[in-house]
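Chemist: Got a structure for you, questions after.
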Amino acid sequence: MQDAITAVINSADVQGKYLDGSAMDKLKGYFETGELRVRAASVISANAAAIVRDAVAKALLYSDVTRPGGNMYTTRRYAACIRDLDYFLRYATYAMLAGDPSILDERVLNGLKETYNSLGVPISSTVQAIQAMKEVTAALVGPGADKEMGVYFDYISSGLS
Ligand SMILES: CCC1=C(C)/C(=C/C2=NC(=C\c3[nH]c(/C=C4\NC(=O)[C@H](C)[C@H]4CC)c(C)c3CCC(=O)O)/C(CCC(=O)O)=C2C)NC1=O
């Protein structure tokens, strides 16, 4: 996994150079939002179960996926879906703290689309639930932090699509 600092340093090192102006600006932006990121992460961790529950209520309950024949139907599959949403929320929070999406590629998205397709997990409903988590989280963490988190919910959504 990478973070905003190692990303900038690795790319300078490849060229054998000191950090240039734009690399310094990236680092500055990261450090300036540091407190915002840490505060958002603690709000999210204190409310994780509620975020998942509200997103499920917004996007999935009373839709075809929860009816007989739907992919969330039966307690076992319902629980697997809730668990997946919790994974997405937790890893998006890690990526937001790191300021870099690489952890999502390595630990979440790698092979996930293929797994979902082979199990008949509907990608479009999953993406709707991730977007609902994005909205619920935004309302909780407030302006500024909402954008920082939104980037990573969108990253997971497009990685699945
Ligand atoms: C940390 C990284 C990580 C991820 C992301 C992950 C996902 C993941 N979700 C799975 C299943 C599943 N995922 C879902 C999810 C859903 N079904 C729906 O209709 C909803 C739209 C959606 C929830 C939003 C369901 C229902 C299953 C079980 C499918 C089955 O066994 O039939 C499986 C198959 C194995 C299992 O059941 O545990 C994996 C690997 N596992 C991991 O280790």
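Residue numbering restarts at 1 for every chain of the structure tokens, chains are lettered A, B, ... in their displayed order, and ligands are numbered from 1 as they appear.
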Return as a ChimeraX atom specification every polymer residue, whether protein, DNA or RNA, with at least one atom no more than 8 Å from an atom of ligand 1; count only C-alpha atoms and all ligand atoms.
Modeler: /A:56,60,65-66,70-73,76-85,87-88,91,107-109,112,115-116,119-127,129-130
Chemist: Could you find all residues in segment 47-140 of chain A that DSSP calls helix (DSSP H, G or I) from the backbone, and write them as a ChimeraX atom specification?
Modeler: /A:47-59,64-66,75-98,102-109,112-119,123-140
Chemist: Quick one: of A:Ser118, A:Ser102, A:Asn47, A:Thr137, who's nearest to Gln2 of chain A, counting only C-alpha atoms?
Modeler: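 Closest candidate: A:Ser102.
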Chemist: Of the candidates A:Ala4, A:Ala95, A:Ala139, A:Ala12, which shows the shortest atom-to-atom distance to Val43 of chain A, using only C-alpha atoms?
Modeler: A:Ala139
Chemist: For a test of reading the model, state the distance in Å between atom CA of Asp100 of chain A and atom CA of Ala46 of chain A, rounded to one decimal.
Modeler: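 The value is 22.5 Å.
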Chemist: Excluding same-chain residues fewer than 3 positions from Asp86 of chain A, what lies within 8 Å of it counting only C-alpha atoms, as number ranges by chain?
Modeler: A: 48-49, 52, 82-83, 89-90
Chemist: When you count only C-alpha atoms, which of these residues is closest to Glu135 of chain A: A:Leu19, A:Leu36, A:Ile51, A:Leu27?
Modeler: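 Result for the nearest residue to Glu135 of chain A: A:Ile51.
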Chemist: What's the separation between atom CA of Leu97 of chain A and atom CA of Arg53 of chain A, in Å to one decimal place?
Modeler: 23.0 Å
Chemist: Between atom CA of Ala132 of chain A and atom CA of Ala55 of chain A, what is the distance in Å, rounded to a tenth?
Modeler: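 Straight-line distance from atom CA of Ala132 of chain A to atom CA of Ala55 of chain A works out to 4.9 Å.
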Chemist: Smallest atom-to-atom distance to Pro101 of chain A: which of A:Asp13, A:Asp146, A:Asp54, A:Asp154, using only C-alpha atoms?
Modeler: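 Of A:Asp13, A:Asp146, A:Asp54, A:Asp154, the one nearest Pro101 of chain A is A:Asp154, counting only C-alpha atoms.
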Chemist: For Glu148 of chain A, please output as number ranges by chain all residues within 9 Å (counting only C-alpha atoms; exclusion window: fewer than 4 positions along the same chain).
Modeler: A: 37, 96, 99, 144, 152
Chemist: Could you tell me which of A:Lys28, A:Lys113, A:Thr93, A:Ala59 comes closest to Phe153 of chain A if we count only C-alpha atoms?
Modeler: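 Among A:Lys28, A:Lys113, A:Thr93, A:Ala59, it is A:Thr93 that comes nearest to Phe153 of chain A.
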Chemist: Could you check which of A:Arg67, A:Ala98, A:Ile156, A:Thr75 is closest to Gly34 of chain A, using only C-alpha atoms?
Modeler: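 Nearest candidate to Gly34 of chain A out of A:Arg67, A:Ala98, A:Ile156, A:Thr75: A:Ala98.
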